Structures are given as C-alpha cells and as structure tokens.
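For reference, the structure is listed below as structure tokens.
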Amino acid sequence: MYLSLLLLGSLASVFRTTLAQCPDYSSYSTKTHEPFSEGKYQLSYQRPIPACRKFNLSSVEDTIDEMRGIVKDPDLFRLFENAFPNTLDTTISWKGFADNGTTEELTFITTGDIVAMWLRDSANQLRSYKSLLTADNSTDSLASLFRGAINLQARYIINNPYCNAFQAPVESGLPPGSNGYAETDQVTPPFNTSFVFECKYELDSISAFLQLSHDYYDKTQDAEFFGKFQWINAIKTILATAEGQLFGTYADDGSVNEAPYTFQRTSSSATETLTNSGAGNPVKAGTGLVRSAFRPSDDATIYQLFIPANMQFSSYLAKSAEIMKAHDKELAIRMGDFATSVRDAIDDHGKAHHAVFGDIYAYEVDGFGSANLMDDANVPSLLSAPILDFLNASDETYQNTRKFVLSTWNPYYMHGPVINGTGGPHVGFGKAWPMSVITALLTSEDDGEIVAGLRTLISSTNRLGLIHESVDSFDAAKWTRQWFSWANGLFGQMVLGLKDRKPNILETSFQ
C-alpha cells in the first residue's frame, strides 16, 4: 500500500508538471480552434490535446469513435465530441488517496471555470458516464472516479452538511480557491473557508450525494464499498440535517423556533441572501416537506418548501436505503420511511391548480397556501422529475406541469429566434439555459420536439462548440460561462440516450 501511494504521488507530480505546460481552458474555450466541423455551423474543436486531458478513459474514447459512425450530422457530432468528455478532459482536478493510511480513494471534480467542487455539479458530471460504468477495482477506472467522489463528498457532508461547494482536499496540495463573498458571509453554523468554498444550504446538494451513491451501486452492485469508509456516517448526517429542516417558523404556542441554519450576504441581488435576518420567509409546520434555503441555481428560494429538491431527496433516499440494507437494516427502514413520507407530502402539499393547465406541481410552497408557479433551468427542476427517477414522464400531473413549464405562462420561459427554453433569476431575463432544452429532450418522446431542440443546441454555441450556461434568446454571441462542464455532460448523456431509444433521429441532417 505504501509503495502504491508513493507511486501515485510521483505520477501526480508528473501530472501537475504536464498540466502546467497546457493552456488555461478558461481562455482556450472562449476561442475557436481548427479543425472546424464540416457542417454549415463550422463548430470549433474544443478538446485539449491528449497530454493535457486530466483523465483518460478508453471506454469514453471508444464511445466517441462509435458515435462517429452513428451521428450523421457533422455539427451534431462535433458538439457531442467536445461535450461528452469535457468533465474528464478538464475538471478531474485531482485524484488520490486519503491521508489516513487506508485505501480510501478521493476524486476532486471542479465545475469548470470555478475551481471548487459543488456536490450537485460533481454528482451530475459523473452521471454523464453512468451508461459506461462497470464494477472495477482498479484505481484508473471510471468506477474509481465514482468511489473517490463519493468518499470526498461524504467527508464534506459530515463536516459541513449545510454547505454546497468545497475546496480541494488537503491531500491534493492544491491551494484553496478564492471566494470573496464567502469571506464576509454571515452563516449559522459557521464554516472554515479553507475547507468550504460556499455555504448555501440546498436540499439538492445532499440529495446529489444520494443520487451519486445510487448511480454507482446501480451499475456495480458493489454494496461492500459503502461499508468501508464514511458513507454510513454521511447518511446519518444527511438524515439529521433533513429531519432538522422539517420544522416550521412558529411553534404551536406562537413562539418563534430557532432556525438551525441562517445565511446573510451583502449583495445588490435579492436572490443572493435570505430575508428575516437570514432565516428566510415563514414556513408552516407539519407539511412533511424538507426546507431548502437555496435552489440548485444557488439563488435563494422564495418559499423554502422547494418541490423539485424534495422529489430528488425522496427518490434517492429510497434507493440508497437499498444499499443500506447490507449494513444497517434499521437505518435502512428509517431511510425508506422518511422517503415515503416526503413523497406523500409532495402529493399532499406540492401541487396547485392552474386555470389553463389544470393540476400541476408547484415549484415552491410555504405550507400556508402560497405557491410559486414557475420553473428554473437548473436540475432538479420540475421539468426534470422523470430523470430524477421520481415519476414516469407519462404521469398526468407531470404532463400538465411540463406543458406549463415549456410555455410563456412560466415566468422564466425565454423565447426568441435563437433559443427557446427556461432560464432563471441567476442570470436574468432574456437568457435561456441550454440545460433546460437538454432536459426537455431527455423527457420527450416526440421526434419533432427532439429534432427542433437539437437544432437549437447546435446553432446557438456561437461556433464555439460547447454548451454554455445561458444564451441570449436573440443573440447567440451573448452567452454566460464558456466552461460549464455539467451542461456539456448532460448533452452527451442525452445524445447517448437517443442512440438507444431513438437512433433514427441521429441520422437527421441539420444542414
């Protein structure tokens, strides 16, 4: 074991030396590079040279080669070729072992242009490769990346369960990233900025850990791994955190309950902080829904009973209970019961009647009768409910909700000649997120909708050949975040899914 750790350290040193000679991808991804695709959009090639790719997997390269013969349109293939491997090429910033004398693998995955590990982003970045995941004990495998991410996320959650983004582990030797906001944020409970990059409590962050755990187990059936290190303690921490967020603002006698989490930030944007001295807007007790102070966009919730995150939490808590059965049956029962109670609470309190669309899922509720009817592009969203494994896309209430979300009745549905899709307050009006278009295609069986969505995605990259965070619905040259790895992976995941369920669409020409 000691020899293998020395070897890994030596390889890591060589790895860092090589990367030091590679271009900064933050800048590289803002420019076009030859060879351009041979279609009318002439999309840039955006992969680093092999020596500058941060993690190489033959299964991913084989998949790209296979898709070269399946995807007939040169521009669609170029976008897939750039996007699908983007997490491996650019964001596996460090991989190694915990400094505790064990075989505990760690994987530090950045979001792209921000050098920090978001629980949500990293779980979804790896989900892009789930279809290729197999059981494998080697440390240079896809399975090892998953194990390392699960172990590192467990460490993060046990220490700071209310936080959403974290610094590189000390074992990596990487310096902490700078986040000027976090240095002055007033947060209860407090955190250390050398460990935490940002501390916004988002229910979807701890739910993402459950999702990542399920994804690994679902493909490997490796239940033994989850009993080796800190996974069980992380689950106990998640349960304690979520149960602590079932409270209402007021006790039965009218007194004000003490909030276990508060957050205040000095900002000109209302979505960057919480009202009422950092506690957020009032929530009624007894709904059975778990509070969330922030959304997956990192924007503050208006009503803290955030339905998409409750969907995700219920779905993957139940699935993670299956893993726990091999280690602690009583805890597994507790997890399953909690998951069921949240699902029931969504059914009882998470719906609203819309005059045009009928019964739909609300985005947020407060338990007092108020509901926020909208959707945001970031996953978990209402649109993404089927890919959260919460329900089937044929569900009647979901179909009503889907029609609402993809209409101008959704206050954050952006439309124009360049791109039509959901946006959100994070980047403001008029900017649709390609992620929302991809989510719509992942949840659609309509060939026409899928072809139209693919055409939109291909034509709105400003020739850069990458999926951006948002795109101005009237001007493709106005976009945000040139390097947003999660969205790129989601695009690759969607195209691979079409290979299996609608291969004829991949023969479509977009010229």
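Labeling convention for the structure tokens: chains A, B, ... as they appear, residues from 1 per chain, ligands from 1 in order of appearance.
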Tell me which protein, DNA and RNA residues are within 12 Å of A:Ser131, counting only C-alpha atoms, leaving out same-chain ones fewer than 3 positions away, and put them as a list in words.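 Selected residues are Ser59, Val60, Thr63, Leu126, Arg127, Ser128, Thr134, Leu142, Ala143, Asp215, Tyr216, Asp218, Lys219, Thr220, Gly492, Gln493, Met494, Val495, Leu496, Gly497, Lys499 and Asp500 of chain A.
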Give me the residues near stretch 343-354 of chain A as a PyMOL selection string, where near means some atom within 10 Å (using only C-alpha atoms) and where sequence neighbours in that chain fewer than 3 positions away do not count. chain A and resi 286-290+305-308+310-315+337-340+357-373+390+397+400-401+404+409
What are the DSSP strand (DSSP E or B) residues of stretch 293-492 of chain A, as a ChimeraX atom specification? /A:294,300,305-306,351-354,358-361,364-365,371-372,413-414,421-422,431-432,470-472,475-480,484
Taking N, CA and C atoms for each residue, export the selection above as a short mmCIF file (atom, residue, chain, number, x, y, z; two decimals), in the first residue's frame.
data_model
loop_
_atom_site.label_atom_id
_atom_site.label_comp_id
_atom_site.auth_asym_id
_atom_site.auth_seq_id
_atom_site.Cartn_x
_atom_site.Cartn_y
_atom_site.Cartn_z
N PHE A 294 -31.87 27.51 -0.45
CA PHE A 294 -31.46 27.92 -1.79
C PHE A 294 -31.84 26.86 -2.82
N ALA A 300 -31.64 32.15 -3.79
CA ALA A 300 -32.49 31.92 -2.63
C ALA A 300 -33.89 31.49 -3.05
N LEU A 305 -40.14 25.44 0.94
CA LEU A 305 -40.55 24.06 0.65
C LEU A 305 -40.45 23.89 -0.86
N PHE A 306 -39.22 23.60 -1.28
CA PHE A 306 -38.82 23.56 -2.68
C PHE A 306 -39.10 22.17 -3.24
N LYS A 351 -48.75 20.50 -4.99
CA LYS A 351 -49.48 20.71 -6.24
C LYS A 351 -50.35 21.96 -6.15
N ALA A 352 -50.67 22.49 -7.30
CA ALA A 352 -51.56 23.66 -7.37
C ALA A 352 -52.41 23.53 -8.62
N HIS A 353 -53.54 24.21 -8.64
CA HIS A 353 -54.41 24.17 -9.82
C HIS A 353 -54.17 25.41 -10.66
N HIS A 354 -53.87 25.19 -11.92
CA HIS A 354 -53.64 26.28 -12.86
C HIS A 354 -54.85 26.41 -13.78
N GLY A 358 -54.55 22.97 -15.57
CA GLY A 358 -55.11 22.04 -14.59
C GLY A 358 -54.16 21.83 -13.43
N ASP A 359 -54.18 20.66 -12.83
CA ASP A 359 -53.33 20.37 -11.68
C ASP A 359 -51.88 20.21 -12.13
N ILE A 360 -51.01 21.00 -11.52
CA ILE A 360 -49.58 20.94 -11.83
C ILE A 360 -48.79 20.92 -10.53
N TYR A 361 -47.52 20.55 -10.63
CA TYR A 361 -46.64 20.66 -9.46
C TYR A 361 -46.20 22.11 -9.31
N GLU A 364 -42.39 25.98 -5.62
CA GLU A 364 -42.16 26.16 -4.18
C GLU A 364 -43.49 26.43 -3.50
N VAL A 365 -43.61 25.99 -2.26
CA VAL A 365 -44.77 26.31 -1.44
C VAL A 365 -44.28 26.67 -0.04
N ALA A 371 -48.06 29.50 -3.22
CA ALA A 371 -47.30 28.64 -4.13
C ALA A 371 -46.63 29.50 -5.19
N ASN A 372 -45.41 29.16 -5.53
CA ASN A 372 -44.66 29.83 -6.58
C ASN A 372 -44.75 28.96 -7.83
N TYR A 413 -39.68 31.34 -18.75
CA TYR A 413 -39.50 30.73 -20.07
C TYR A 413 -39.10 31.82 -21.04
N MET A 414 -37.89 31.69 -21.59
CA MET A 414 -37.35 32.70 -22.51
C MET A 414 -37.53 32.19 -23.94
N GLY A 421 -36.23 28.34 -24.19
CA GLY A 421 -36.02 27.45 -23.05
C GLY A 421 -36.16 28.20 -21.75
N THR A 422 -36.10 27.45 -20.66
CA THR A 422 -36.22 28.04 -19.34
C THR A 422 -34.91 28.71 -18.94
N LYS A 431 -32.39 35.30 -21.12
CA LYS A 431 -31.29 34.33 -21.30
C LYS A 431 -31.80 32.92 -20.98
N ALA A 432 -31.95 32.12 -22.02
CA ALA A 432 -32.38 30.73 -21.86
C ALA A 432 -31.16 29.84 -21.60
N SER A 470 -25.92 29.95 -20.26
CA SER A 470 -27.11 30.59 -20.82
C SER A 470 -26.75 31.24 -22.15
N VAL A 471 -27.78 31.47 -22.96
CA VAL A 471 -27.61 32.12 -24.26
C VAL A 471 -28.74 33.12 -24.43
N ASP A 472 -28.39 34.32 -24.88
CA ASP A 472 -29.40 35.33 -25.15
C ASP A 472 -30.35 34.81 -26.22
N ASP A 475 -29.55 36.66 -29.45
CA ASP A 475 -28.19 36.87 -29.93
C ASP A 475 -27.27 35.79 -29.38
N ALA A 476 -26.88 34.85 -30.24
CA ALA A 476 -26.06 33.72 -29.80
C ALA A 476 -24.66 34.15 -29.36
N ALA A 477 -24.25 35.34 -29.73
CA ALA A 477 -22.93 35.82 -29.33
C ALA A 477 -22.91 36.31 -27.88
N LYS A 478 -24.08 36.40 -27.26
CA LYS A 478 -24.16 36.82 -25.87
C LYS A 478 -24.50 35.60 -25.01
N TRP A 479 -23.52 35.11 -24.30
CA TRP A 479 -23.71 33.91 -23.50
C TRP A 479 -22.97 34.07 -22.18
N THR A 480 -23.25 33.18 -21.23
CA THR A 480 -22.52 33.18 -19.95
C THR A 480 -21.84 31.83 -19.76
N PHE A 484 -18.71 25.17 -18.69
CA PHE A 484 -19.73 24.71 -17.73
C PHE A 484 -19.89 23.21 -17.94
#
Name all residues at most 10 Å from A:Thr90 (count only C-alpha atoms; drop same-chain ones fewer than 6 positions away) and give them as a PyMOL selection string. chain A and resi 24-26+47-48+52-55+109-113+483+485
Just checking: using only C-alpha atoms, which residue out of A:Ile232, A:Ala223, A:Val356, A:Ala285 ends up closest to A:Ala326? A:Ala223
Quick one: of A:Arg68, A:Arg265, A:Arg455, A:Lys329, who's nearest to A:Ala182, counting only C-alpha atoms?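 Nearest to A:Ala182: A:Arg265.
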Which residues are near stretch 201-203 of chain A? Cut-off 9 Å, only C-alpha atoms, ignore same chain within fewer than 3 positions. Put them as a ChimeraX atom specification. /A:161-164,206-208,242,261-263,290-296,298,306,309-310,312-313
Between A:Leu454, A:Ile49, A:Ala154, A:Ala377, which has the minimum distance to A:Ser509 (counting only C-alpha atoms)?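 Of A:Leu454, A:Ile49, A:Ala154, A:Ala377, the one nearest A:Ser509 is A:Leu454, counting only C-alpha atoms.
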